[in-house]
Protein chains: 4
Amino acid sequence: MIEVGNDVQFIKEGDLCSVPFNIACGRCRACKERMTGICLNVNPERPGSAYGYVDMGGWPGGQADYVMVPFADFNLLPFPDKDQAMEKILDLTMLSDIFPTGYHGAIKAGCTTGSTVYVAGAGPVGLAAAHAAQLLGAAVVIVGDAVEARLNQARSFGCETIDITQDTSIEDQITEIMGEPIIDCTVDAVGFEARGHGSGEGEAPATVLNQAMSITRAGGSIGIPGLYVTEDPGAADEDAKHGALKMDFGLGWAKSHAFYTGQCPVMQYNRELMMSILNDKAQIAKAVNATVIPLDDAPQGYQEFDSGVAQKFVLDPHGDLQGASRA
Amino acid sequence: MIEVGNDVQFIKEGDLCSVPFNIACGRCRACKERMTGICLNVNPERPGSAYGYVDMGGWPGGQADYVMVPFADFNLLPFPDKDQAMEKILDLTMLSDIFPTGYHGAIKAGCTTGSTVYVAGAGPVGLAAAHAAQLLGAAVVIVGDAVEARLNQARSFGCETIDITQDTSIEDQITEIMGEPIIDCTVDAVGFEARGHGSGEGEAPATVLNQAMSITRAGGSIGIPGLYVTEDPGAADEDAKHGALKMDFGLGWAKSHAFYTGQCPVMQYNRELMMSILNDKAQIAKAVNATVIPLDDAPQGYQEFDSGVAQKFVLDPHGDLQGASRA
Amino acid sequence: MIEVGNDVQFIKEGDLCSVPFNIACGRCRACKERMTGICLNVNPERPGSAYGYVDMGGWPGGQADYVMVPFADFNLLPFPDKDQAMEKILDLTMLSDIFPTGYHGAIKAGCTTGSTVYVAGAGPVGLAAAHAAQLLGAAVVIVGDAVEARLNQARSFGCETIDITQDTSIEDQITEIMGEPIIDCTVDAVGFEARGHGSGEGEAPATVLNQAMSITRAGGSIGIPGLYVTEDPGAADEDAKHGALKMDFGLGWAKSHAFYTGQCPVMQYNRELMMSILNDKAQIAKAVNATVIPLDDAPQGYQEFDSGVAQKFVLDPHGDLQGASRA
Amino acid sequence: MIEVGNDVQFIKEGDLCSVPFNIACGRCRACKERMTGICLNVNPERPGSAYGYVDMGGWPGGQADYVMVPFADFNLLPFPDKDQAMEKILDLTMLSDIFPTGYHGAIKAGCTTGSTVYVAGAGPVGLAAAHAAQLLGAAVVIVGDAVEARLNQARSFGCETIDITQDTSIEDQITEIMGEPIIDCTVDAVGFEARGHGSGEGEAPATVLNQAMSITRAGGSIGIPGLYVTEDPGAADEDAKHGALKMDFGLGWAKSHAFYTGQCPVMQYNRELMMSILNDKAQIAKAVNATVIPLDDAPQGYQEFDSGVAQKFVLDPHGDLQGASRA
């Protein structure tokens with residue numbers, strides 16, 4: 001007999017589990033190739049699905065007392081020990097989306113031991129990407145944003161920061177930190193809602209991508225977990241309304257850049273990140289400033305989030321997380 | 001709406017499908033990492049399972065009129081068009097085991113465009129590995145065996161051959177072909193039943209592995225689809241009885257070799273190989289000399305196979321393959 | 001003593017060699033990471049260098065009687081046997097640029113056994129990419145172009161073709177071939193000089209990239225050996241003049257596409273492709289319709305090439321290739 | 001103009017540099033494929049070379065006042081800033097061998113975020129591998145050795161430890177820590193001088209490899225930086241004298257293990273590890289307990305090292321490291 005260990009994962013009633021935000025069938029070509037973010041079977045409109053999003057298959061959202069998880073035996077990640085899990089529950093909550101999404105961005109940007117990294121955006125995805133870059137061994141992590149409170153949050157766990165509202169260009173601010181206007185890896189954690197550099201400018205959806213091509217070293221990669229959409233009715237110009245971005249693609253081409261887009265396939269990463277949390281290697285709740293609120297306060301939480309606070313709100317329908325503190 | 005194509009693979013009643021020889025649950029850590037050859041859930045004795053083998057989970061074998069396929073919605077590969085599939089049915093039959101297994105060996109040995117490759121063994125796995133190496137773009141494929149009929153079969157589709165019963169060493173025979181006793185990639189398609197070089201020698205289970213280390217270039221890889229066992233009661237010496245092989249590991253170490261072992265995870269390869277067959281790029285039935293026989297003739301087929309004929313017998317319980325010819 | 005083989009490659013006087021179009025120092029970070037297309041040391045203006053191009057370091061061109069090869073001990077690929085090489089000299093000539101460049105595009109697009117591939121453009125790079133896709137085991141290769149002679153050339157070695165001047169959309173033409181408007185891998189062998197679909201339209205530099213996002217399967221990759229520039233003074237609109245492309249990036253993002261850009265690092269591929277040629281596995285001269293002309297006829301060759309003939313002209317300053325025929 | 005940054009690495013007189021222990025030509029096939037540990041050009045006896053070793057090319061050793069570095073423009077890694085480098089000089093010294101070698105073992109064993117890792121051997125390579133596993137994000141690192149002082153050193157930077165002289169088996173000791181006798185990744189930092197488990201047993205060169213197969217999860221990898229030799233005249237039995245190891249290869253095969261052997265190709269890792277040191281992410285000198293001694297004390301240092309002290313001695317011929325302290 002050959003020992004296979006405890007990692008036998010049929011879900012049992014009573015298991016405490018993490019639910020990935022992607023809904024995936026586990027049987028189609030994409031799922032078999034580990035690309036659960038673009039499952040072909042769960043959404044008649046397009047590849048990939050998620051709970052409670054427009055265009056994402058019509059599955060009711062997870063911000064509720066209870067949620068139905070399709071293909072649950074495939075999608076759920078059970079925690080090995082319930083009591084141990086409850087001690088880290090706030091961190092473990094981040095496994096559904098924000099932690100793997102940030103990690104995906106960092107991985108695709110090529111972050112590894114000794115990398116210098118720029119993360120555009122200090123919202124929860126950006127902060128998660130910054131922390132993920134640290135876990136991956138980055139030598140320097142620089143985070144850029146327009147909101148001082150978010151930059152402050154990034155500094156709280158050891159990141160350098162860039163205030164994009166300043167008159168000094170991104171390139172010059174990076175030179176101040178690195179001695180040259182070049183980093184190894186860039187993560188775009190902003191997406192199509194990017195704004196132009198400097199104060200007073202409006203939306204300029206290709207800004208972050210173009211900056212990424214400017215500062216990423218030749219041969220480097222750009223990880224793009226930030227959302228880009230096919231239609232943006234509220235965009236400033238006609239091109240952007242139809243999802244067309246004015247990209248300095250010639251610059252990226254001259255530097256042999258690689259670009260990685262799309263929803264994070266959570267299942268590629270959540271088990272490993274769970275192990276990091278359970279063994280005190282990752283402090284993701286602290287990095288994104290996770291804050292528990294009751295389900296009834298959700299509308300106010302969304303309002304505050306939209307105003308740019310440096311907080312990731314965690315809804316707690318049943319009061320289970322009352323005592324949950326950050327690692 | 002974004003088109004996802006026809007590759008939506010829920011199995012329906014009436015589908016014509018390929019059944020991988022591995023039984024896999026599709027839900028455990030190994031399956032989620034695409035290692036369906038070592039599924040943790042389908043065999044209480046060890047990782048991995050298969051139909052009708054000792055130690056492999058107790059699932060009744062596939063050499064029968066009908067077979068129960070556990071987790072069929074995960075394991076089965078449906079053919080896109082039944083009529084088209086029936087035209088290539090003999091080739092498609094090879095997708096259950098022999099074609100992916102040979103391909104796995106070639107992939108793990110590092111075969112790619114321009115590679116020079118040695119395949120030890122010209123049984124069905126070795127012939128499939130040789131054909132796979134060709135599909136992967138190998139510049140030269142050399143096959144070694146002790147049975148002339150099998151070497152002849154290898155030559156029939158463009159391989160060079162080495163007769164291991166000759167007095168000339170493997171190294172010298174390779175030099176005759178290549179101008180040096182070195183190739184890029186080696187596939188061990190023999191396993192523990194290896195015999196010593198030259199005529200008259202008995203079983204010497206580490207022979208093929210040691211030859212592989214001798215001839216594979218520094219930095220090269222050795223793909224080992226050939227079976228090695230944990231117990232071999234009929235072995236010639238005490239060490240071999242308990243599965244201990246006398247390996248020249250220091251030689252491999254000096255050459256920075258990498259060694260890849262284990263059952264083929266069929267599902268990593270079968271869809272791609274199916275596409276090759278359906279589009280006339282692979283002629284696997286011809287390469288392994290597939291021969292259709294009725295189920296009742298199975299005992300005789302086994303007997304002939306053991307005697308070393310260069311044939312891969314395909315059992316046809318219902319007479320469906322009567323007219324099946326090789327591509 | 002452990003045999004290292006004949007693959008010891010100090011260049012000696014009298015060696016017959018292939019000269020990669022990239023000039024690379026072999027000592028900088030990029031070169032050490034095998035990215036010789038963006039060597040940091042040979043061009044004060046930007047990463048990467050080449051013979052006889054604007055902006056590429058000021059090294060005199062290779063279309064001359066003699067050429068100086070900087071860092072020749074690193075850059076040159078010697079052929080193992082001069083006489084053998086002269087028999088395949090027309091094919092081997094393609095190792096300097098067009099064959100590795102097409103192969104790079106196919107590799108980056110993810111072409112492998114059983115892939116379905118679309119190559120945009122049937123100029124020499126596109127034809128080389130199509131042949132490379134075949135070598136990599138593609139199940140179906142479709143080539144699109146506006147010039148019938150080039151499409152005819154693509155068909156001559158087994159490709160399917162799409163005439164982009166027809167009123168039928170690319171998607172519909174692919175559906176006619178594949179049964180769905182989706183392929184696995186796309187190679188953009190056109191670049192910024194792309195034109196809109198259908199007759200009569202002018203330059204539309206993002207056309208090919210946008211079509212690639214439309215037809216490439218979710219999770220697929222787009223290899224982009226076609227040149228995109230940072231400045232295009234002759235472009236039709238202001239954005240394009242400054243290298244800004246109107247890309248449907250939201251569509252690519254929705255499908256989790258990866259985009260790979262840049263000059264081919266020839267040295268990553270030329271040895272393997274040389275082995276393919278020397279062992280009769282690749283017929284690249286035939287695929288691109290290589291045609292030998294004397295150096296003095298170069299101006300006329302360029303003129304004909306610009307007019308869209310399906311020929312790759314090879315300049316022969318010393319008459320060495322007089323008798324060279326295609327494999 | 002496109003900025004290429006400061007990473008332009010022609011060596012200049014006066015540069016402070018790290019010298020990799022491998023000697024590599026930078027021009028052969030192996031070097032071009034980044035396998036500088038098996039350069040084909042610098043050693044007539046076998047692939048690969050090093051300073052001052054038997055069989056390694058006859059290059060005088062680096063434990064001297066001065067050393068000649070062949071192909072220095074390729075081999076040397078210059079530090080970006082001399083003053084900054086002198087502040088971390090003890091850590092940076094480890095870049096020549098021990099840090100990349102340990103890191104190579106951890107990488108090849110598949111260590112990444114959340115991995116559980118066993119390192120066999122707590123000599124300098126083992127301790128470096130353990131620290132490297134931490135940098136790579138390991139959730140748990142367990143180190144096994146027979147010398148209490150070395151285990152104590154491993155515990156000093158957060159590793160779990162196993163005393164292999166105890167009567168409890170390795171498997172049971174791992175179960176005590178992990179709850180199961182299984183880890184994800186194993187690094188063999190011992191090599192052929194392994195001894196049997198428990199007190200009183202003599203040399204048993206396959207012990208560590210066999211334990212690795214027992215405890216590594218199915219589908220896991222075994223990184224083997226520990227040296228295995230082709231001849232061992234002082235070995236206990238005839239097989240071992242000729243480098244033949246009695247390996248439980250059938251067990252590894254049943255678990256689909258991959259085995260990675262050979263000298264570390266330092267140049268694949270030293271730049272990244274330098275960045276880690278310079279930015280205070282790695283404390284390698286502390287992990288291996290680096291101790292500076294004058295060149296004249298080298299014989300005594302060797303003697304102490306052979307006796308099993310938990311120290312890595314650094315020879316300081318010119319007294320430059322007098323004040324060097326560990327990070």
# chains A, B, ... in the order shown; residues from 1 in each chain; ligands from 1
call {"tool": "select_by_dssp", "arguments": {"residues": "region 38-163 of chain B", "states": "strand (DSSP E or B)", "output": "number ranges by chain"}}
result
B: 50-51, 59, 77-78, 116-120, 140-145, 160-163
call {"tool": "residues_around", "arguments": {"residues": "Ala290 (chain C)", "least_positions_apart": "3", "cutoff": "9 Å", "atoms": "only C-alpha atoms", "output": "number ranges by chain"}}
result
C: 90-91, 94, 284-287, 311-314, 326
call {"tool": "write_last_selection", "arguments": {"atoms": "all heavy atoms", "output": "short mmCIF file (atom, residue, chain, number, x, y, z; two decimals), in the first residue's frame"}}
result
data_model
loop_
_atom_site.label_atom_id
_atom_site.label_comp_id
_atom_site.auth_asym_id
_atom_site.auth_seq_id
_atom_site.Cartn_x
_atom_site.Cartn_y
_atom_site.Cartn_z
N LEU C 90 19.76 26.52 -49.58
CA LEU C 90 18.66 27.47 -49.75
C LEU C 90 17.76 27.43 -48.50
O LEU C 90 17.35 28.47 -47.98
CB LEU C 90 17.86 27.15 -51.01
CG LEU C 90 17.05 28.29 -51.60
CD1 LEU C 90 17.91 29.52 -51.84
CD2 LEU C 90 16.42 27.84 -52.91
N ASP C 91 17.47 26.23 -48.02
CA ASP C 91 16.68 26.12 -46.79
C ASP C 91 17.44 26.71 -45.61
O ASP C 91 16.87 27.45 -44.80
CB ASP C 91 16.35 24.65 -46.51
CG ASP C 91 15.32 24.10 -47.48
OD1 ASP C 91 14.12 24.31 -47.24
OD2 ASP C 91 15.72 23.47 -48.48
N MET C 94 17.34 30.39 -44.78
CA MET C 94 16.14 30.89 -44.10
C MET C 94 16.29 30.93 -42.57
O MET C 94 15.43 31.45 -41.88
CB MET C 94 14.93 30.01 -44.45
CG MET C 94 14.66 29.87 -45.94
SD MET C 94 14.13 31.40 -46.69
CE MET C 94 15.18 31.43 -48.16
N ILE C 284 11.33 24.59 -45.80
CA ILE C 284 11.00 26.00 -45.64
C ILE C 284 11.21 26.79 -46.94
O ILE C 284 10.40 27.68 -47.25
CB ILE C 284 11.79 26.62 -44.46
CG1 ILE C 284 11.38 28.07 -44.24
CG2 ILE C 284 13.28 26.51 -44.65
CD1 ILE C 284 9.94 28.26 -43.83
N ALA C 285 12.24 26.46 -47.71
CA ALA C 285 12.48 27.20 -48.95
C ALA C 285 11.30 27.02 -49.91
O ALA C 285 10.86 27.96 -50.56
CB ALA C 285 13.79 26.74 -49.60
N LYS C 286 10.79 25.81 -49.94
CA LYS C 286 9.63 25.53 -50.77
C LYS C 286 8.40 26.28 -50.26
O LYS C 286 7.61 26.85 -51.03
CB LYS C 286 9.38 24.02 -50.77
CG LYS C 286 8.30 23.54 -51.68
CD LYS C 286 8.49 22.04 -52.00
CE LYS C 286 7.26 21.43 -52.63
NZ LYS C 286 6.27 21.00 -51.61
N ALA C 287 8.23 26.30 -48.93
CA ALA C 287 7.04 26.94 -48.35
C ALA C 287 6.99 28.43 -48.67
O ALA C 287 5.93 28.97 -48.96
CB ALA C 287 7.00 26.71 -46.84
N GLN C 311 6.98 35.33 -53.49
CA GLN C 311 8.36 34.86 -53.57
C GLN C 311 9.19 35.47 -52.45
O GLN C 311 8.98 36.61 -52.05
CB GLN C 311 8.98 35.30 -54.91
CG GLN C 311 8.56 34.44 -56.09
CD GLN C 311 9.12 34.98 -57.39
OE1 GLN C 311 8.76 36.09 -57.80
NE2 GLN C 311 9.99 34.21 -58.03
N LYS C 312 10.12 34.70 -51.95
CA LYS C 312 11.11 35.20 -51.01
C LYS C 312 12.44 35.23 -51.77
O LYS C 312 12.96 34.18 -52.15
CB LYS C 312 11.21 34.28 -49.80
CG LYS C 312 12.37 34.54 -48.86
CD LYS C 312 12.16 35.81 -48.06
CE LYS C 312 13.30 36.06 -47.08
NZ LYS C 312 13.22 37.41 -46.47
N PHE C 313 12.96 36.43 -52.00
CA PHE C 313 14.19 36.54 -52.77
C PHE C 313 15.41 36.34 -51.88
O PHE C 313 15.50 36.88 -50.78
CB PHE C 313 14.26 37.91 -53.46
CG PHE C 313 13.21 38.06 -54.52
CD1 PHE C 313 12.08 38.86 -54.30
CD2 PHE C 313 13.31 37.37 -55.72
CE1 PHE C 313 11.10 38.98 -55.27
CE2 PHE C 313 12.32 37.49 -56.69
CZ PHE C 313 11.22 38.31 -56.47
N VAL C 314 16.35 35.54 -52.38
CA VAL C 314 17.60 35.30 -51.68
C VAL C 314 18.72 35.87 -52.53
O VAL C 314 18.90 35.47 -53.68
CB VAL C 314 17.82 33.79 -51.46
CG1 VAL C 314 19.17 33.54 -50.80
CG2 VAL C 314 16.69 33.20 -50.64
N ARG C 326 15.24 23.86 -54.26
CA ARG C 326 14.45 23.69 -53.05
C ARG C 326 14.24 22.21 -52.78
O ARG C 326 14.05 21.41 -53.69
CB ARG C 326 13.12 24.39 -53.21
CG ARG C 326 13.28 25.90 -53.36
CD ARG C 326 11.97 26.58 -53.13
NE ARG C 326 10.97 26.12 -54.08
CZ ARG C 326 10.72 26.70 -55.24
NH1 ARG C 326 11.41 27.76 -55.60
NH2 ARG C 326 9.79 26.24 -56.01
#
call {"tool": "closest_residue", "arguments": {"among": "B:Ala133, B:Ala324, B:Ala149, B:Ala254", "to": "chain D", "atoms": "only C-alpha atoms"}}
result
B:Ala254
call {"tool": "atom_distance", "arguments": {"atom1": "CA of Ile38 (chain D)", "atom2": "CA of Phe99 (chain D)"}}
result
18.6 Å
call {"tool": "closest_atom_pairs", "arguments": {"of": "chain D", "to": "chain C", "cutoff": "12 Å", "atoms": "only C-alpha atoms", "output": "tab-separated table"}}
result
residue	atom	partner	partner_atom	distance
D:Met1	CA	C:Glu45	CA	4.9
D:Ile2	CA	C:Arg46	CA	4.6
D:Glu3	CA	C:Arg46	CA	6.3
D:Val4	CA	C:Pro47	CA	6.0
D:Gly5	CA	C:Leu40	CA	8.5
D:Asn6	CA	C:Leu40	CA	9.3
D:Asp7	CA	C:Arg29	CA	6.8
D:Val8	CA	C:Cys28	CA	5.8
D:Gln9	CA	C:Cys28	CA	5.1
D:Phe10	CA	C:Arg27	CA	6.9
D:Ile11	CA	C:Arg27	CA	9.1
D:Cys25	CA	C:Phe10	CA	9.2
D:Gly26	CA	C:Gly26	CA	7.2
D:Arg27	CA	C:Phe74	CA	5.3
D:Cys28	CA	C:Gln9	CA	5.1
D:Arg29	CA	C:Asp7	CA	6.8
D:Ala30	CA	C:Asp7	CA	9.0
D:Cys31	CA	C:Lys32	CA	9.0
D:Lys32	CA	C:Arg34	CA	7.2
D:Glu33	CA	C:Arg34	CA	7.4
D:Arg34	CA	C:Lys32	CA	7.2
D:Met35	CA	C:Lys32	CA	10.7
D:Thr36	CA	C:Lys32	CA	10.4
D:Ile38	CA	C:Val4	CA	9.3
D:Cys39	CA	C:Val8	CA	9.2
D:Leu40	CA	C:Val8	CA	6.1
D:Asn41	CA	C:Val8	CA	6.1
D:Val42	CA	C:Val8	CA	9.9
D:Asn43	CA	C:Val4	CA	9.6
D:Pro44	CA	C:Met1	CA	8.3
D:Glu45	CA	C:Met1	CA	4.8
D:Arg46	CA	C:Ile2	CA	4.6
D:Pro47	CA	C:Val4	CA	6.0
D:Gly48	CA	C:Val4	CA	9.7
D:Asp55	CA	C:Met1	CA	8.6
D:Met56	CA	C:Met1	CA	10.7
D:Gly57	CA	C:Met1	CA	11.3
D:Phe71	CA	C:Arg27	CA	10.3
D:Ala72	CA	C:Arg27	CA	9.8
D:Asp73	CA	C:Arg27	CA	6.6
D:Phe74	CA	C:Arg27	CA	5.2
D:Asn75	CA	C:Arg27	CA	8.4
D:Leu76	CA	C:Arg27	CA	9.4
D:Leu77	CA	C:Arg29	CA	9.9
D:Pro78	CA	C:Cys28	CA	11.0
D:Thr230	CA	C:Met1	CA	9.8
D:Glu231	CA	C:Met1	CA	11.2
D:Pro265	CA	C:Lys32	CA	11.9
D:Val266	CA	C:Lys32	CA	11.8
D:Met267	CA	C:Lys32	CA	8.1
D:Gln268	CA	C:Glu33	CA	8.0
D:Tyr269	CA	C:Glu33	CA	10.6
D:Asn270	CA	C:Arg29	CA	11.3
D:Arg271	CA	C:Arg29	CA	8.7
D:Glu272	CA	C:Arg29	CA	10.8
call {"tool": "select_by_dssp", "arguments": {"residues": "region 83-270 of chain B", "states": "alpha helix (DSSP H)", "output": "count of residues only"}}
result
71
call {"tool": "residues_around", "arguments": {"residues": "region 135-137 of chain C", "least_positions_apart": "6", "cutoff": "12 Å", "atoms": "only C-alpha atoms", "output": "VMD selection string"}}
result
(chain B and resid 111 to 114 131 to 139 272 to 273 275 to 277 279 to 282) or (chain C and resid 99 102 to 117 128 to 129 157 272 to 273 276 to 277 280 to 284 287)
call {"tool": "residues_around", "arguments": {"residues": "His242 (chain A)", "least_positions_apart": "4", "cutoff": "9 Å", "atoms": "only C-alpha atoms", "output": "list in words"}}
result
Val229, Thr230, Glu231, Asp232, Pro233, Ala235 and Glu238 of chain A; Asp248 and Gly250 of chain C
call {"tool": "closest_residue", "arguments": {"among": "C:Cys264, C:Leu245, C:Val187, C:Ala122", "to": "Asp163 (chain C)", "atoms": "only C-alpha atoms"}}
result
C:Ala122
call {"tool": "closest_residue", "arguments": {"among": "A:Val147, A:Met86, A:Ile142, A:Met213", "to": "Ser307 (chain A)", "atoms": "only C-alpha atoms"}}
result
A:Val147
call {"tool": "atom_distance", "arguments": {"atom1": "CA of Tyr228 (chain A)", "atom2": "CA of Phe305 (chain A)"}}
result
19.8 Å
call {"tool": "decode", "arguments": {"residues": "region 169-190 of chain B", "atoms": "C-alpha atoms", "output": "compact mmCIF listing (two decimals), in the first residue's frame"}}
result
# COMPACT_ATOMS: atom_id res chain seq x y z
CA SER B 169 27.17 -1.82 -27.89
CA ILE B 170 24.25 0.58 -27.93
CA GLU B 171 26.72 3.47 -27.84
CA ASP B 172 28.54 2.21 -30.92
CA GLN B 173 25.33 1.53 -32.80
CA ILE B 174 24.15 5.06 -32.07
CA THR B 175 27.49 6.41 -33.25
CA GLU B 176 27.01 4.57 -36.52
CA ILE B 177 23.76 6.46 -37.05
CA MET B 178 24.52 9.82 -35.46
CA GLY B 179 28.29 10.18 -35.72
CA GLU B 180 28.49 10.37 -31.93
CA PRO B 181 27.18 8.19 -29.07
CA ILE B 182 24.76 10.89 -27.93
CA ILE B 183 21.14 11.75 -28.52
CA ASP B 184 18.97 14.54 -27.11
CA CYS B 185 16.08 12.58 -25.60
CA THR B 186 15.52 9.04 -24.38
CA VAL B 187 12.24 7.23 -23.81
CA ASP B 188 12.30 4.09 -21.69
CA ALA B 189 9.39 2.06 -23.06
CA VAL B 190 10.61 -1.18 -21.54
